[in-house]
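What follows is a short report on a single structure.
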Amino acid sequence: MLCDQIPLLYLAVPTKPSSLSLSLSLSRSLRNQVLMANDKGLIVSFGEMLIDFVPTASGVSLAEAPGFLKAPGGAPANVAIAVARLGGHASFVGKLGDDEFGHMLAGILKENGVTGDGILFDQGARTALAFVTLRADGEREFMFYRNPSADMLLKPEELNFELIRSAKVFHYGSISLIVEPCRSAHLKAMEVAKDAGALLSYDPNLRLPLWPSPKEAREQILSIWEKAEVIKVSDVELEFLTGNDSIDDENALTLWHSNLKLLLVTLGENGCKYYTKNFRGSVEAFHVTAVDTTGAGDSFVGALLTKIVDDQSILEDEPRLREVLKFANACGAITTTKKGAIPALPTESDALALIKGA
């Protein structure tokens, strides 16, 4: 069950505490957590949230899977919860179905400390679903049910512009570019955030089965490329976008543009590469036993954004940036050790423990 996958909050209290004292202790703890997060710059994630159905057995097809666990997912929502789980201030902008799954997802965002001022519910469309095939090595393939799903129907005039203008970082993917009206909403939200001074962060999160064609996917993903100041791609996305199967620096730098402050290429078990105007390099991965790689890149991005939202000078300081990317790699690695994206996202103490034990 989903509730079994979400970490619980345990309290150390004196023996036989009254229900009132336990309630007050819990309320105080949650209030302090929210206040601490609200002291930090706001990171707004825009896009889709859905239900991932993850097979209970790896290395089998969807038809052969004996059963599935339902897990909340969707890359922008994963990033928002990753930020909040790490103690950051996060909000999500997107549309869910006015159905049980949609309200469940909104509740999960709230439970994890993500503000829901940007969430809307559509009465005419369902919340998106994705069935995930897990290979024996933890890599995955997706089959989606969203024709159309509620996230595709978000309109520009429905956006919470006050929330978007308050963002220090505005993060998004490319799935919201596939169809109207969500594409127009995406472009408008980017424009408003940029005009208000937000740092624009882009992770294409390529899902080819959702696009009409590979050509359309490449064109639309690159259509907003030069707006972003921080871009993260996987090695697979690098090959797809450049049309070159090399993952060397020369090929990666064909994606560089003059507005960029940081380009990242994640390499799975081989860590990541980073590129700025003044320096470049790589950071090694942490080796863990991967069960499900879903959400690892989102965890990585959430960790990065949490560390730079209030101090963008890190992007110009290589030693500090390398430490941040080491932390991000640790977060990504931990996320692969459990099934489902959001249930596996780590806390800061989880990441620091992995770093210390490496």
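A note on labels: chains of the structure tokens are A, B, ... as shown, every chain counts residues from 1, and ligands are counted from 1 in their shown order.
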List the neighbours of Asp248 in chain A out to 10 Å using only C-alpha atoms; skip same-chain residues closer than 2 positions along the sequence, and give me the result as a ChimeraX atom specification.
/A:235,238,245-246,250-253,273
Could the residues in this selection be saved with C-alpha atoms as an mmCIF file, in the first residue's frame?
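Saved file result-v1.cif follows:
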```cif
data_model
loop_
_atom_site.group_PDB
_atom_site.id
_atom_site.type_symbol
_atom_site.label_atom_id
_atom_site.label_comp_id
_atom_site.auth_asym_id
_atom_site.auth_seq_id
_atom_site.Cartn_x
_atom_site.Cartn_y
_atom_site.Cartn_z
ATOM 1 C CA ASP A 235 23.284 10.686 -20.965
ATOM 2 C CA LEU A 238 22.215 14.069 -24.489
ATOM 3 C CA ASP A 245 25.954 8.779 -29.284
ATOM 4 C CA SER A 246 29.067 10.295 -27.729
ATOM 5 C CA GLU A 250 32.660 18.234 -27.052
ATOM 6 C CA ASN A 251 29.226 16.765 -27.673
ATOM 7 C CA ALA A 252 27.797 18.027 -24.375
ATOM 8 C CA LEU A 253 28.946 21.565 -25.113
ATOM 9 C CA LYS A 273 29.485 16.004 -15.500
#
```
Backbone DSSP call of helix (DSSP H, G or I) for range 13-181 of chain A, listed as number ranges by chain:
A: 19-38, 75-85, 100-111, 150-153, 156-158, 161-165, 175-177
Within 6 Å of range 336-347 of chain A using only C-alpha atoms, minus same-chain residues under 3 positions, as JSON, numbers by chain
{"A": [5, 6, 71, 73, 78, 82, 85, 86, 290, 291, 292, 293, 294, 295, 333, 350]}
Could you go through range 188-250 of chain A and tell me which residues DSSP, when run on the backbone, assigns to strand (DSSP E), listing them as a list in words?
Leu199, Leu200, Ser201, Tyr202, Val230, Ile231, Lys232, Val233 and Ser234 of chain A
Keeping only N, CA and C atoms, take the residues you just selected and write them out as an mmCIF file, in the first residue's frame.
```cif
data_model
loop_
_atom_site.group_PDB
_atom_site.id
_atom_site.type_symbol
_atom_site.label_atom_id
_atom_site.label_comp_id
_atom_site.auth_asym_id
_atom_site.auth_seq_id
_atom_site.Cartn_x
_atom_site.Cartn_y
_atom_site.Cartn_z
ATOM 1 N N LEU A 199 15.398 32.237 -11.169
ATOM 2 C CA LEU A 199 16.333 31.395 -11.913
ATOM 3 C C LEU A 199 15.516 30.290 -12.574
ATOM 4 N N LEU A 200 15.674 30.101 -13.885
ATOM 5 C CA LEU A 200 14.919 29.072 -14.594
ATOM 6 C C LEU A 200 15.727 27.780 -14.676
ATOM 7 N N SER A 201 15.126 26.691 -14.206
ATOM 8 C CA SER A 201 15.768 25.374 -14.157
ATOM 9 C C SER A 201 14.976 24.403 -15.024
ATOM 10 N N TYR A 202 15.682 23.663 -15.899
ATOM 11 C CA TYR A 202 15.025 22.823 -16.912
ATOM 12 C C TYR A 202 15.609 21.423 -16.910
ATOM 13 N N VAL A 230 19.805 26.925 -15.745
ATOM 14 C CA VAL A 230 20.326 25.650 -15.248
ATOM 15 C C VAL A 230 19.609 24.547 -16.018
ATOM 16 N N ILE A 231 20.377 23.665 -16.646
ATOM 17 C CA ILE A 231 19.791 22.561 -17.410
ATOM 18 C C ILE A 231 20.451 21.259 -16.984
ATOM 19 N N LYS A 232 19.608 20.251 -16.739
ATOM 20 C CA LYS A 232 20.102 18.907 -16.433
ATOM 21 C C LYS A 232 19.565 17.934 -17.471
ATOM 22 N N VAL A 233 20.460 17.182 -18.100
ATOM 23 C CA VAL A 233 20.046 16.112 -19.010
ATOM 24 C C VAL A 233 20.728 14.819 -18.590
ATOM 25 N N SER A 234 20.114 13.702 -18.922
ATOM 26 C CA SER A 234 20.762 12.407 -18.723
ATOM 27 C C SER A 234 21.636 12.108 -19.931
#
```
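Among A:Gln312, A:Thr306, A:Ser213, A:Gln220, the residue with the shortest atom-to-atom distance to Lys261 in chain A, counting only C-alpha atoms, is A:Gln312.
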Write out as a list in words the residues lying within 8 Å of Leu315 in chain A, counting only C-alpha atoms and excluding same-chain residues fewer than 3 positions away.
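Selected residues are Lys261, Leu262, Thr276, Ile308, Gln312, Glu318 and Leu321 of chain A.
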Let me see the file: selected residues, N, CA and C atoms, as an mmCIF file, in the first residue's frame.
```
data_model
loop_
_atom_site.group_PDB
_atom_site.id
_atom_site.type_symbol
_atom_site.label_atom_id
_atom_site.label_comp_id
_atom_site.auth_asym_id
_atom_site.auth_seq_id
_atom_site.Cartn_x
_atom_site.Cartn_y
_atom_site.Cartn_z
ATOM 1 N N LYS A 261 24.037 29.143 -16.939
ATOM 2 C CA LYS A 261 24.979 29.250 -15.832
ATOM 3 C C LYS A 261 25.549 27.880 -15.465
ATOM 4 N N LEU A 262 24.756 26.822 -15.711
ATOM 5 C CA LEU A 262 25.206 25.473 -15.367
ATOM 6 C C LEU A 262 24.503 24.457 -16.261
ATOM 7 N N THR A 276 30.258 25.031 -16.753
ATOM 8 C CA THR A 276 29.897 26.430 -16.548
ATOM 9 C C THR A 276 30.708 27.261 -17.544
ATOM 10 N N ILE A 308 21.330 25.798 -3.958
ATOM 11 C CA ILE A 308 21.722 27.034 -4.655
ATOM 12 C C ILE A 308 20.659 28.122 -4.605
ATOM 13 N N GLN A 312 23.360 31.682 -5.261
ATOM 14 C CA GLN A 312 23.715 31.300 -6.626
ATOM 15 C C GLN A 312 25.193 31.511 -6.938
ATOM 16 N N GLU A 318 33.916 26.584 -8.098
ATOM 17 C CA GLU A 318 33.988 25.155 -8.413
ATOM 18 C C GLU A 318 34.084 24.250 -7.191
ATOM 19 N N LEU A 321 30.647 24.063 -5.697
ATOM 20 C CA LEU A 321 29.729 23.380 -6.606
ATOM 21 C C LEU A 321 29.962 21.874 -6.575
#
```
Quick one: everything within 10 Å of Thr56 in chain A, counting only C-alpha atoms, minus sequence neighbours fewer than 5 positions away in the same chain. Send it as a PyMOL selection string.
chain A and resi 65-69+134+339
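Closest approach to Asp39 in chain A among A:Ala90, A:Leu163, A:Ile355, A:Val288 is made by A:Ala90 (distances from only C-alpha atoms).
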